[in-house]
file input22.cif (mmCIF, C-alpha atoms)
data_data
#
loop_
_atom_site.label_atom_id
_atom_site.label_comp_id
_atom_site.auth_asym_id
_atom_site.auth_seq_id
_atom_site.Cartn_x
_atom_site.Cartn_y
_atom_site.Cartn_z
CA MET A 423 21.64 -2.10 25.84
CA GLU A 424 19.17 0.52 24.70
CA ASP A 425 22.01 2.41 22.97
CA LYS A 426 22.84 -0.74 21.00
CA VAL A 427 19.21 -1.17 20.02
CA PHE A 428 18.95 2.44 18.89
CA LYS A 429 22.22 2.14 16.95
CA ALA A 430 20.96 -0.95 15.19
CA LEU A 431 17.69 0.78 14.38
CA SER A 432 19.45 3.90 13.08
CA GLU A 433 21.78 1.72 10.98
CA SER A 434 18.83 -0.13 9.54
CA GLY A 435 17.23 3.23 8.82
CA ILE A 436 20.41 4.41 7.08
CA HIS A 437 20.59 1.15 5.07
CA TYR A 438 16.92 1.59 4.15
CA SER A 439 17.49 5.14 2.85
CA SER A 440 20.78 4.27 1.08
CA ASP A 441 19.12 1.26 -0.60
CA LEU A 442 16.35 3.57 -1.80
CA GLN A 443 18.90 6.03 -3.22
CA ARG A 444 20.74 3.22 -5.01
CA GLN A 445 17.52 1.92 -6.53
CA GLN A 446 16.46 5.41 -7.62
CA SER A 447 19.81 6.03 -9.35
CA ASP A 448 19.53 2.67 -11.19
CA ILE A 449 16.06 3.58 -12.42
CA ARG A 450 17.32 6.95 -13.66
CA LYS A 451 20.02 5.21 -15.70
CA ILE A 452 17.42 2.99 -17.36
CA TRP A 453 15.29 6.04 -18.24
CA THR A 454 18.29 7.87 -19.81
CA LYS A 455 18.94 4.83 -22.05
CA THR A 456 15.31 5.09 -23.14
CA GLN A 457 15.80 8.72 -24.24
CA LEU A 458 18.89 7.79 -26.26
CA SER A 459 17.05 4.97 -28.04
CA MET A 460 14.17 7.35 -28.88
CA GLN A 461 16.67 9.57 -30.71
CA ASP A 462 17.93 6.55 -32.68
CA VAL A 463 14.38 5.81 -33.82
CA GLU A 464 13.89 9.36 -35.07
CA MET A 465 17.07 8.98 -37.12
CA MET A 466 15.68 5.81 -38.73
CA GLY A 467 13.02 7.77 -40.56
CA ASN A 468 9.63 6.55 -41.84
CA ASP A 469 8.30 3.12 -41.06
CA SER A 470 5.29 0.97 -41.95
CA GLU A 471 2.03 0.21 -40.21
CA ALA A 472 3.00 -3.45 -39.80
CA SER A 473 5.97 -2.63 -37.64
CA SER A 474 3.87 -0.38 -35.41
CA ILE A 475 1.38 -3.24 -35.03
CA SER A 476 4.22 -5.59 -34.07
CA LEU A 477 5.37 -2.97 -31.55
CA ARG A 478 1.95 -3.00 -29.90
CA ARG A 479 1.98 -6.81 -29.85
CA ASN A 480 5.42 -6.88 -28.21
CA PHE A 481 4.28 -4.26 -25.68
CA ARG A 482 1.29 -6.44 -24.72
CA GLU A 483 3.44 -9.56 -24.36
CA ASP A 484 5.90 -7.69 -22.17
CA ALA A 485 3.07 -6.42 -19.99
CA ALA A 486 1.79 -9.97 -19.51
CA GLY A 487 5.30 -11.23 -18.68
CA GLY A 488 5.86 -8.33 -16.32
CA TYR A 489 2.69 -9.11 -14.38
CA ALA A 490 3.60 -12.78 -14.06
CA SER A 491 6.80 -11.80 -12.25
CA LEU A 492 5.26 -9.00 -10.18
CA SER A 493 2.10 -10.50 -8.79
CA GLY A 494 3.25 -12.69 -5.93
CA GLY A 495 0.22 -14.89 -5.22
CA GLU A 496 -3.50 -15.00 -4.59
CA GLY A 497 -5.57 -12.49 -2.79
CA SER A 498 -6.85 -9.01 -3.31
CA PHE A 499 -3.53 -7.64 -4.51
CA GLN A 500 -4.77 -9.03 -7.88
CA GLN A 501 -7.32 -6.22 -7.94
CA LEU A 502 -4.55 -3.68 -7.53
CA ASP A 503 -2.54 -5.47 -10.26
CA GLU A 504 -5.53 -5.12 -12.58
CA VAL A 505 -5.49 -1.35 -12.00
CA ASP A 506 -1.80 -1.32 -12.99
CA GLU A 507 -2.64 -3.46 -16.05
CA LEU A 508 -5.26 -0.94 -17.22
CA ASP A 509 -2.69 1.83 -16.87
CA GLY A 510 -0.25 -0.32 -18.88
CA THR A 511 -2.68 -0.87 -21.76
CA ASN A 512 -3.61 2.83 -21.85
CA GLN A 513 0.07 3.69 -22.09
CA GLU A 514 0.39 1.14 -24.88
CA VAL A 515 -2.32 2.85 -26.96
CA ARG A 516 -0.82 6.29 -26.37
CA ARG A 517 2.67 5.06 -27.24
CA GLY A 518 1.41 3.36 -30.42
CA ARG A 519 -0.30 6.55 -31.55
CA SER A 520 2.71 8.75 -30.81
CA LEU A 521 5.01 6.38 -32.67
CA ASP A 522 2.66 6.37 -35.65
CA SER A 523 2.81 10.15 -35.83
CA LEU A 524 6.61 10.13 -35.37
CA LEU A 525 7.34 7.53 -37.95
CA GLY A 526 4.58 8.34 -40.46
CA HIS A 527 2.79 6.02 -42.88
CA ALA A 528 4.58 4.74 -45.95
CA ASP A 529 3.61 2.88 -49.07
CA LYS A 530 2.70 -0.54 -47.65
CA ASP A 531 3.52 -2.72 -50.62
CA SER A 532 6.97 -1.41 -51.40
CA LYS A 533 8.33 -0.69 -47.95
CA ILE A 534 6.88 -3.40 -45.63
CA GLU A 535 9.09 -6.32 -46.64
CA ALA A 536 12.23 -4.30 -47.24
CA GLU A 537 12.39 -2.39 -44.00
CA ARG A 538 10.38 -4.71 -41.70
CA THR A 539 13.23 -6.70 -40.16
CA SER A 540 15.57 -3.78 -39.53
CA SER A 541 12.88 -1.50 -38.12
CA MET A 542 11.37 -4.26 -35.98
CA SER A 543 14.68 -4.95 -34.26
CA SER A 544 15.27 -1.29 -33.47
CA LEU A 545 11.68 -0.84 -32.36
CA THR A 546 11.84 -3.85 -30.08
CA ILE A 547 14.91 -2.30 -28.46
CA LEU A 548 12.94 0.93 -28.01
CA ASN A 549 10.00 -1.12 -26.82
CA ARG A 550 11.92 -2.98 -24.15
CA THR A 551 13.89 -0.11 -22.58
CA PRO A 552 10.95 2.06 -21.44
CA HIS A 553 9.26 -1.10 -20.22
CA LYS A 554 12.20 -1.94 -17.98
CA ALA A 555 12.27 1.51 -16.49
CA TYR A 556 8.53 1.52 -15.92
CA TRP A 557 8.53 -1.87 -14.29
CA ALA A 558 11.62 -1.12 -12.23
CA GLU A 559 9.79 1.87 -10.77
CA GLN A 560 6.68 -0.15 -10.17
CA GLN A 561 8.72 -2.79 -8.32
CA ASN A 562 9.82 -0.26 -5.71
CA ARG A 563 6.54 1.56 -5.27
CA LEU A 564 3.31 0.39 -3.76
CA PRO A 565 0.19 0.86 -5.90
CA LEU A 566 -1.49 4.21 -5.38
CA PRO A 567 -4.86 2.86 -4.18
CA LEU A 568 -3.02 0.92 -1.47
CA ILE A 569 -1.07 3.98 -0.36
CA GLU A 570 -4.32 5.94 -0.16
CA LEU A 571 -5.98 3.21 1.89
CA MET A 572 -3.00 3.03 4.24
CA GLU A 573 -2.82 6.77 4.74
CA SER A 574 -6.54 7.26 5.33
CA GLU A 575 -6.61 4.40 7.83
CA VAL A 576 -3.51 5.64 9.66
CA LEU A 577 -5.02 9.13 9.75
CA GLU A 578 -8.12 7.81 11.52
CA ILE A 579 -6.03 5.83 14.01
CA LEU A 580 -3.71 8.75 14.77
CA THR A 581 -6.63 11.16 15.22
CA LYS A 582 -8.08 8.89 17.90
CA ALA A 583 -4.63 8.47 19.47
CA LEU A 584 -4.29 12.26 19.60
CA SER A 585 -7.34 12.60 21.82
CA SER A 586 -5.88 9.93 24.15
CA TYR A 587 -2.56 11.80 24.23
CA ARG A 588 -4.30 15.08 25.04
CA SER A 589 -6.34 13.56 27.84
CA GLY A 590 -3.40 11.51 29.15
CA ILE A 591 -0.34 13.75 28.93
CA GLY A 592 -1.88 17.10 28.03
CA TRP A 593 -2.02 19.38 24.99
CA ASN A 594 1.42 20.96 25.47
CA HIS A 595 3.48 17.80 25.82
CA PHE A 596 6.10 17.46 23.08
CA MET A 597 4.79 14.00 22.09
CA THR A 598 1.27 15.39 21.62
CA LYS A 599 2.64 18.18 19.44
CA GLN A 600 4.75 15.70 17.45
CA LEU A 601 1.68 13.56 16.81
CA GLN A 602 -0.35 16.60 15.83
CA ARG A 603 2.33 17.67 13.34
CA ASN A 604 2.37 14.18 11.85
CA ILE A 605 -1.39 14.21 11.41
CA GLU A 606 -1.26 17.58 9.68
CA GLU A 607 1.49 16.41 7.31
CA LEU A 608 -0.51 13.30 6.43
CA ARG A 609 -3.60 15.39 5.77
CA LYS A 610 -1.67 17.78 3.51
CA ARG A 611 -0.19 14.87 1.55
CA ARG A 612 -3.58 13.29 1.13
CA ASN A 613 -5.25 16.52 0.04
CA ALA A 614 -2.47 17.21 -2.45
CA ARG A 615 -2.93 13.78 -3.97
CA VAL A 616 -6.71 14.23 -4.14
CA ARG A 617 -6.21 17.56 -5.94
CA ILE A 618 -3.80 16.00 -8.45
CA SER A 619 -6.02 12.98 -9.12
CA GLY A 620 -9.04 15.29 -9.43
CA LYS A 621 -7.31 17.20 -12.24
CA MET B 1216 -11.59 -12.31 16.63
CA ASN B 1217 -12.09 -10.72 13.20
CA VAL B 1218 -10.15 -8.31 11.07
CA LYS B 1219 -12.24 -5.37 9.89
CA GLU B 1220 -13.40 -5.83 6.31
CA GLY B 1221 -11.88 -3.37 3.86
CA SER B 1222 -9.07 -2.38 6.23
CA PHE B 1223 -5.44 -2.49 5.12
CA LEU B 1224 -4.81 -5.78 6.95
CA TRP B 1225 -7.76 -7.33 5.23
CA HIS B 1226 -5.89 -6.98 1.91
CA LEU B 1227 -2.81 -8.84 3.17
CA TYR B 1228 -2.48 -12.62 3.09
CA LEU B 1229 -0.15 -15.34 4.35
CA ASP B 1230 1.62 -17.88 2.19
CA LYS B 1231 -0.31 -21.13 2.68
CA VAL B 1232 2.75 -23.34 3.09
CA TYR B 1233 5.07 -21.29 5.31
CA CYS B 1234 2.43 -19.03 6.89
CA LEU B 1235 4.50 -15.90 6.38
CA LEU B 1236 3.98 -12.70 4.40
CA SER B 1237 5.43 -12.35 0.92
CA VAL B 1238 8.15 -9.74 0.34
CA ARG B 1239 5.64 -7.39 -1.23
CA ASN B 1240 3.20 -7.73 1.65
CA ALA B 1241 6.01 -7.32 4.16
CA LYS B 1242 7.16 -4.16 2.39
CA ALA B 1243 3.64 -2.75 2.49
CA LEU B 1244 3.39 -3.63 6.18
CA LEU B 1245 6.72 -1.93 6.89
CA ASP B 1246 5.49 1.27 5.22
CA TYR B 1247 2.30 1.06 7.26
CA PHE B 1248 4.33 0.64 10.44
CA HIS B 1249 6.46 3.66 9.58
CA LEU B 1250 3.29 5.73 9.09
CA LEU B 1251 2.10 4.72 12.56
CA ASP B 1252 5.52 5.37 14.10
CA VAL B 1253 4.89 9.07 14.66
CA HIS B 1254 7.77 9.53 17.14
CA HIS B 1255 10.33 7.99 14.74
CA ASN B 1256 11.60 5.39 17.22
CA ASN B 1257 10.84 2.39 14.96
CA THR B 1258 8.42 1.34 17.71
CA LEU B 1259 4.78 1.75 18.72
CA ASN B 1260 3.91 2.67 22.27
CA ASP B 1261 0.89 1.22 24.08
CA VAL B 1262 -1.47 4.07 23.08
CA LEU B 1263 -0.73 3.81 19.37
CA PHE B 1264 -0.84 0.02 19.57
CA PHE B 1265 -4.20 0.10 21.32
CA HIS B 1266 -5.79 2.46 18.80
CA PHE B 1267 -4.38 0.47 15.87
CA LEU B 1268 -5.75 -2.87 17.09
CA HIS B 1269 -9.01 -1.31 18.20
CA HIS B 1270 -9.48 0.15 14.73
CA VAL B 1271 -8.66 -2.96 12.70
CA THR B 1272 -10.10 -5.76 14.87
CA ASN B 1273 -13.02 -6.39 17.20
CA LEU B 1274 -10.84 -7.14 20.24
CA THR B 1275 -11.79 -5.62 23.57
CA ARG B 1276 -9.58 -3.28 25.58
CA SER B 1277 -8.40 -5.98 27.99
CA GLN B 1278 -7.63 -8.37 25.12
CA ILE B 1279 -5.60 -5.68 23.35
CA MET B 1280 -3.59 -4.90 26.47
CA LYS B 1281 -2.96 -8.61 27.09
CA THR B 1282 -1.68 -8.86 23.50
CA PHE B 1283 0.58 -5.88 24.04
CA ASP B 1284 2.03 -7.41 27.22
CA MET B 1285 2.58 -10.69 25.40
CA LEU B 1286 4.40 -9.03 22.48
CA ASP B 1287 6.48 -6.67 24.59
CA TRP B 1288 8.78 -9.55 25.43
CA ASN B 1289 11.70 -7.34 26.49
CA ALA B 1290 9.42 -5.20 28.71
CA SER B 1291 10.42 -1.95 27.02
CA GLY B 1292 6.88 -0.57 26.97
CA GLU B 1293 7.00 -0.48 23.18
CA VAL B 1294 6.55 -2.86 20.29
CA ASN B 1295 9.07 -2.91 17.43
CA PHE B 1296 8.57 -4.12 13.87
CA ASP B 1297 9.54 -7.75 14.56
CA GLN B 1298 6.88 -8.01 17.22
CA PHE B 1299 4.38 -6.13 15.06
CA TYR B 1300 5.06 -8.52 12.17
CA MET B 1301 4.47 -11.47 14.50
CA LEU B 1302 1.14 -10.04 15.58
CA ILE B 1303 0.01 -9.44 11.99
CA CYS B 1304 0.89 -13.04 11.07
CA ILE B 1305 -1.17 -14.31 14.02
CA LEU B 1306 -4.14 -12.15 13.00
CA LEU B 1307 -3.90 -13.18 9.37
CA ALA B 1308 -3.56 -16.88 10.26
CA HIS B 1309 -6.85 -16.51 12.07
CA GLN B 1310 -8.39 -14.57 9.19
CA ASN B 1311 -7.14 -16.91 6.42
CA HIS B 1312 -8.15 -20.09 8.33
CA LEU B 1313 -4.55 -21.24 8.67
CA LYS B 1314 -4.46 -21.56 12.48
CA GLU B 1315 -3.34 -25.21 12.61
CA GLN B 1316 -0.66 -24.73 9.96
CA PHE B 1317 0.54 -21.56 11.61
CA LEU B 1318 0.83 -23.30 14.99
CA TYR B 1319 2.76 -26.13 13.35
CA ARG B 1320 5.12 -23.92 11.33
CA HIS B 1321 5.86 -21.47 14.13
CA SER B 1322 5.45 -23.62 17.22
CA ARG B 1323 8.67 -22.36 18.88
CA PRO B 1324 7.94 -18.63 18.82
CA ILE B 1325 4.30 -19.24 19.78
CA PHE B 1326 5.37 -21.41 22.72
CA GLU B 1327 7.75 -18.67 23.86
CA LEU B 1328 5.02 -16.05 23.51
CA LEU B 1329 2.57 -18.07 25.60
CA ASP B 1330 5.20 -18.87 28.24
CA LEU B 1331 4.85 -15.52 30.00
CA ASP B 1332 6.71 -16.51 33.17
CA GLY B 1333 9.56 -18.15 31.26
CA ASP B 1334 9.49 -21.52 33.05
CA LEU B 1335 9.50 -23.43 29.71
CA LYS B 1336 6.10 -24.95 30.54
CA LEU B 1337 2.55 -24.03 29.70
CA GLY B 1338 -0.31 -24.49 32.12
CA PRO B 1339 -4.01 -24.45 31.13
CA GLN B 1340 -4.30 -20.84 32.32
CA ASP B 1341 -1.62 -19.76 29.78
CA PHE B 1342 -3.71 -21.12 26.92
CA GLN B 1343 -6.94 -19.71 28.33
CA LEU B 1344 -5.39 -16.26 28.67
CA PHE B 1345 -4.78 -16.12 24.91
CA SER B 1346 -7.62 -18.29 23.64
CA PHE B 1347 -9.00 -15.25 21.74
CA LEU B 1348 -5.79 -15.08 19.66
CA PHE B 1349 -4.96 -18.73 19.07
CA ASP B 1350 -8.50 -20.07 19.20
CA ILE B 1351 -7.66 -23.18 21.20
CA LYS B 1352 -11.07 -24.29 22.40
CA LYS B 1353 -11.84 -25.98 25.72
CA GLN B 1354 -12.34 -29.37 24.14
CA LYS B 1355 -9.01 -29.19 22.33
CA LEU B 1356 -7.31 -27.99 25.49
CA LYS B 1357 -8.70 -30.96 27.39
CA GLN B 1358 -7.48 -33.29 24.66
CA LEU B 1359 -4.08 -31.59 24.72
CA TYR B 1360 -3.59 -32.21 28.43
CA GLU B 1361 -5.05 -35.71 28.39
CA GLU B 1362 -3.19 -37.05 25.38
CA PHE B 1363 0.03 -35.05 25.23
CA ASP B 1364 1.02 -34.52 28.85
CA PHE B 1365 3.48 -37.44 28.81
CA THR B 1366 5.40 -36.23 31.85
CA GLY B 1367 2.16 -36.11 33.86
CA ASP B 1368 2.97 -32.80 35.56
CA HIS B 1369 -0.22 -31.05 34.27
CA HIS B 1370 2.00 -28.75 32.23
CA ILE B 1371 3.03 -28.89 28.60
CA ASN B 1372 6.70 -28.53 27.67
CA TYR B 1373 7.88 -27.60 24.17
CA LYS B 1374 8.22 -31.18 22.84
CA GLU B 1375 4.72 -32.07 23.95
CA PHE B 1376 3.42 -28.86 22.39
CA LYS B 1377 5.21 -29.63 19.11
CA LEU B 1378 3.63 -33.10 18.99
CA PHE B 1379 0.24 -31.53 19.60
CA THR B 1380 0.73 -29.14 16.66
CA ILE B 1381 1.78 -32.03 14.37
CA PHE B 1382 -1.30 -33.97 15.43
CA SER B 1383 -3.57 -30.94 14.84
CA VAL B 1384 -2.14 -30.35 11.37
CA ASP B 1385 -2.58 -34.02 10.41
CA LYS B 1386 -6.19 -33.91 11.56
CA TYR B 1387 -6.77 -30.64 9.71
CA GLN B 1388 -5.33 -32.12 6.48
CA GLU B 1389 -7.52 -35.21 6.85
CA ARG B 1390 -10.57 -32.98 7.27
CA GLN B 1391 -9.59 -31.00 4.18
CA LYS B 1392 -9.19 -34.23 2.18
CA ALA B 1393 -12.57 -35.52 3.33
CA GLU B 1394 -14.22 -32.21 2.41
CA LYS B 1395 -12.58 -32.26 -1.03
CA GLU B 1396 -13.74 -35.81 -1.65
CA LYS B 1397 -17.28 -34.88 -0.64
CA ALA B 1398 -17.23 -31.91 -2.97
CA THR B 1399 -15.94 -34.00 -5.93
CA GLU B 1400 -18.57 -36.67 -5.24
CA LYS B 1401 -21.29 -34.03 -5.29
CA VAL B 1402 -19.99 -32.68 -8.58
CA LYS B 1403 -19.90 -36.20 -10.07
CA GLU B 1404 -23.47 -36.87 -8.95
CA LYS B 1405 -24.64 -33.64 -10.50
CA GLU B 1406 -22.93 -34.53 -13.76
CA LYS B 1407 -24.54 -37.98 -13.71
CA GLU B 1408 -27.97 -36.48 -13.18
CA LYS B 1409 -27.37 -34.02 -16.01
CA ALA B 1410 -26.30 -36.83 -18.33
CA LYS B 1411 -29.41 -38.86 -17.39
CA ALA B 1412 -31.68 -35.90 -18.01
CA LYS B 1413 -30.02 -35.29 -21.38
CA ALA B 1414 -30.38 -38.97 -22.38
CA LYS B 1415 -34.07 -38.88 -21.44
CA TRP B 1416 -34.63 -35.74 -23.47
CA LEU B 1417 -32.88 -37.25 -26.52
CA HIS B 1418 -34.94 -40.41 -26.18
CA LEU B 1419 -38.16 -38.37 -26.09
CA GLN B 1420 -37.00 -36.40 -29.13
CA ARG B 1421 -36.40 -39.61 -31.04
CA MET B 1422 -39.80 -40.99 -30.03
CA SER B 1423 -41.60 -37.85 -31.15
CA PHE B 1424 -39.69 -37.86 -34.46
CA GLN B 1425 -40.65 -41.50 -35.05
CA ILE B 1426 -44.31 -40.76 -34.28
CA ARG B 1427 -44.32 -37.83 -36.68
CA SER B 1428 -42.63 -39.83 -39.44
CA HIS B 1429 -45.28 -42.62 -39.09
#
call {"tool": "encode", "arguments": {"input": "input22.cif", "output": "structure tokens"}}
result
Amino acid sequence: MEDKVFKALSESGIHYSSDLQRQQSDIRKIWTKTQLSMQDVEMMGNDSEASSISLRRNFREDAAGGYASLSGGEGSFQQLDEVDELDGTNQEVRRGRSLDSLLGHADKDSKIEAERTSSMSSLTILNRTPHKAYWAEQQNRLPLPLIELMESEVLEILTKALSSYRSGIGWNHFMTKQLQRNIEELRKRRNARVRISGK
Amino acid sequence: MNVKEGSFLWHLYLDKVYCLLSVRNAKALLDYFHLLDVHHNNTLNDVLFFHFLHHVTNLTRSQIMKTFDMLDWNASGEVNFDQFYMLICILLAHQNHLKEQFLYRHSRPIFELLDLDGDLKLGPQDFQLFSFLFDIKKQKLKQLYEEFDFTGDHHINYKEFKLFTIFSVDKYQERQKAEKEKATEKVKEKEKEKAKAKAKWLHLQRMSFQIRSH
């Protein structure tokens, strides 16, 4: 009976890891499409300020739509969603600026009406593809503040458990050593993240 | 029984209708469980379970061990994710003030959890043993046995328990309605008073204007 339980658990573990791999490969495909569309935009040449403004507007609308689908309900997850939203708007500003420099500024009067429709359609395509990839990644990952909270809490719990293990089964027991290794790995991960966020 | 403020559990919440976690919350909980599962068995032993509950709630040692014995329904000495999920839902139902709805929605699994000896009946001692988790007070317990023990054997079977949960939920919804009505009445009264005060002020303004014009 125990063998069956362990088999089921290992199968579920395998399914969990294979699902993750599938999702990661899908996200990579979406990101490669984004790179191709960026090249298309460079080929298009110069564009007007109006189209870059419309790009920013579309980006904002997409962000709002994305959050409506992501945020499940009430509660303090909304705070974490707001953190993601701030990141989204910062990205929007950066992207707008980079596109401005890429596409350049043209004579407003002559070029706005003529090239507006064609450039807008290509820019909306560009606009949507990175969005999809970004949101697809966000769907599979927990927000960083939540991961940090989880890891710091688990670290405290496991540290207390370690002292119980040592007093109960001794320092040299394989389970005590396994727990100790886990605690060290968690600490390393946390310190690495703190160093990166500090930069 | 309280969940520690600012802890990971404190950020989770139950759906108000079905009293279950959303997919996102469940995913977060699964990741949390995997972090605690240091021996990679997809289970938590009694030591890890004790330190987890001790860290995130204000339960005493004996209460934690009673909870562990209740959840370890296959007597394996470990708690897997299904059982862990059940526990978290019970804690959050308590935290989110959804106890009556939770009892109603999940009456079968709760009955089976409380029925430790497996005789398909619950005596008063079964409820008292887990009163810290399900918050069934003495008065309610008395009412339960007086009004719902139809068979008269001083034990509650599943049907009687289900009727009790339906009755509790109805009463809870009536209380909610009454509280809402009180709140709306208060708001209306405040608005009326504001309107009266405004009318008075306007009247005084008019009077002073008339006096000045004369």
call {"tool": "residues_near_point", "arguments": {"input": "input22.cif", "point": "(3.0, -15.3, 14.0)", "cutoff": "12 Å", "atoms": "only C-alpha atoms", "output": "ChimeraX atom specification"}}
result
/B:1229,1233-1236,1286,1297-1309,1313-1329,1348-1349
call {"tool": "atom_distance", "arguments": {"input": "input22.cif", "atom1": "CA of Glu570 (chain A)", "atom2": "CA of Lys610 (chain A)"}}
result
12.7 Å
call {"tool": "closest_atom_pairs", "arguments": {"input": "input22.cif", "of": "chain B", "to": "chain A", "cutoff": "9 Å", "atoms": "all atoms listed in the file", "output": "Markdown table"}}
result
| residue | atom | partner | partner_atom | distance |
| --- | --- | --- | --- | --- |
| B:Ser1222 | CA | A:Glu575 | CA | 7.4 |
| B:Phe1223 | CA | A:Met572 | CA | 6.1 |
| B:Trp1225 | CA | A:Ser498 | CA | 8.8 |
| B:His1226 | CA | A:Ser498 | CA | 5.7 |
| B:Leu1227 | CA | A:Gly497 | CA | 7.5 |
| B:Tyr1228 | CA | A:Gly497 | CA | 6.6 |
| B:Asp1230 | CA | A:Gly495 | CA | 8.1 |
| B:Ser1237 | CA | A:Gly494 | CA | 7.2 |
| B:Val1238 | CA | A:Gly494 | CA | 8.5 |
| B:Arg1239 | CA | A:Gly494 | CA | 7.5 |
| B:Lys1242 | CA | A:Leu564 | CA | 8.6 |
| B:Ala1243 | CA | A:Leu564 | CA | 7.0 |
| B:Asp1246 | CA | A:Met572 | CA | 8.7 |
| B:Tyr1247 | CA | A:Met572 | CA | 6.4 |
| B:Leu1250 | CA | A:Val576 | CA | 6.8 |
| B:Leu1251 | CA | A:Val576 | CA | 6.4 |
| B:Val1253 | CA | A:Leu601 | CA | 5.9 |
| B:His1254 | CA | A:Gln600 | CA | 6.9 |
| B:Asn1256 | CA | A:Phe428 | CA | 8.1 |
| B:Asn1257 | CA | A:Leu431 | CA | 7.1 |
| B:Val1262 | CA | A:Ala583 | CA | 6.5 |
| B:Leu1263 | CA | A:Ala583 | CA | 6.1 |
| B:Phe1265 | CA | A:Ala583 | CA | 8.6 |
| B:His1266 | CA | A:Ile579 | CA | 5.9 |
| B:Phe1267 | CA | A:Ile579 | CA | 5.9 |
| B:His1269 | CA | A:Ile579 | CA | 8.8 |
| B:His1270 | CA | A:Ile579 | CA | 6.7 |
call {"tool": "write_last_selection", "arguments": {"input": "input22.cif", "atoms": "C-alpha atoms", "output": "short mmCIF file (atom, residue, chain, number, x, y, z; two decimals), in the frame of the given file"}}
result
data_model
loop_
_atom_site.label_atom_id
_atom_site.label_comp_id
_atom_site.auth_asym_id
_atom_site.auth_seq_id
_atom_site.Cartn_x
_atom_site.Cartn_y
_atom_site.Cartn_z
CA SER B 1222 -9.07 -2.38 6.23
CA PHE B 1223 -5.44 -2.49 5.12
CA TRP B 1225 -7.76 -7.33 5.23
CA HIS B 1226 -5.89 -6.98 1.91
CA LEU B 1227 -2.81 -8.84 3.17
CA TYR B 1228 -2.48 -12.62 3.09
CA ASP B 1230 1.62 -17.88 2.19
CA SER B 1237 5.43 -12.35 0.92
CA VAL B 1238 8.15 -9.74 0.34
CA ARG B 1239 5.64 -7.39 -1.23
CA LYS B 1242 7.16 -4.16 2.39
CA ALA B 1243 3.64 -2.75 2.49
CA ASP B 1246 5.49 1.27 5.22
CA TYR B 1247 2.30 1.06 7.26
CA LEU B 1250 3.29 5.73 9.09
CA LEU B 1251 2.10 4.72 12.56
CA VAL B 1253 4.89 9.07 14.66
CA HIS B 1254 7.77 9.53 17.14
CA ASN B 1256 11.60 5.39 17.22
CA ASN B 1257 10.84 2.39 14.96
CA VAL B 1262 -1.47 4.07 23.08
CA LEU B 1263 -0.73 3.81 19.37
CA PHE B 1265 -4.20 0.10 21.32
CA HIS B 1266 -5.79 2.46 18.80
CA PHE B 1267 -4.38 0.47 15.87
CA HIS B 1269 -9.01 -1.31 18.20
CA HIS B 1270 -9.48 0.15 14.73
#
call {"tool": "resolve_selection", "arguments": {"input": "input22.cif", "expression": "the PyMOL selection byres ((chain B and resi 1336) around 7)", "output": "ChimeraX atom specification"}}
result
/B:1330,1334-1335,1337-1338,1370-1372
call {"tool": "atom_distance", "arguments": {"input": "input22.cif", "atom1": "CA of Val1232 (chain B)", "atom2": "CA of Leu1268 (chain B)"}}
result
26.2 Å
call {"tool": "closest_residue", "arguments": {"input": "input22.cif", "among": "B:Asn1295, B:Thr1272, B:Gln1358, B:Gln1340", "to": "Ser1383 (chain B)", "atoms": "only C-alpha atoms"}}
result
B:Gln1358
call {"tool": "atom_distance", "arguments": {"input": "input22.cif", "atom1": "CA of Gln1278 (chain B)", "atom2": "CA of Phe1347 (chain B)"}}
result
7.8 Å
call {"tool": "residues_around", "arguments": {"input": "input22.cif", "residues": "Phe1296 (chain B)", "least_positions_apart": "6", "cutoff": "10 Å", "atoms": "only C-alpha atoms", "output": "NGL selection string"}}
result
:B and (1244-1245 or 1248-1249 or 1252 or 1257-1259 or 1302)
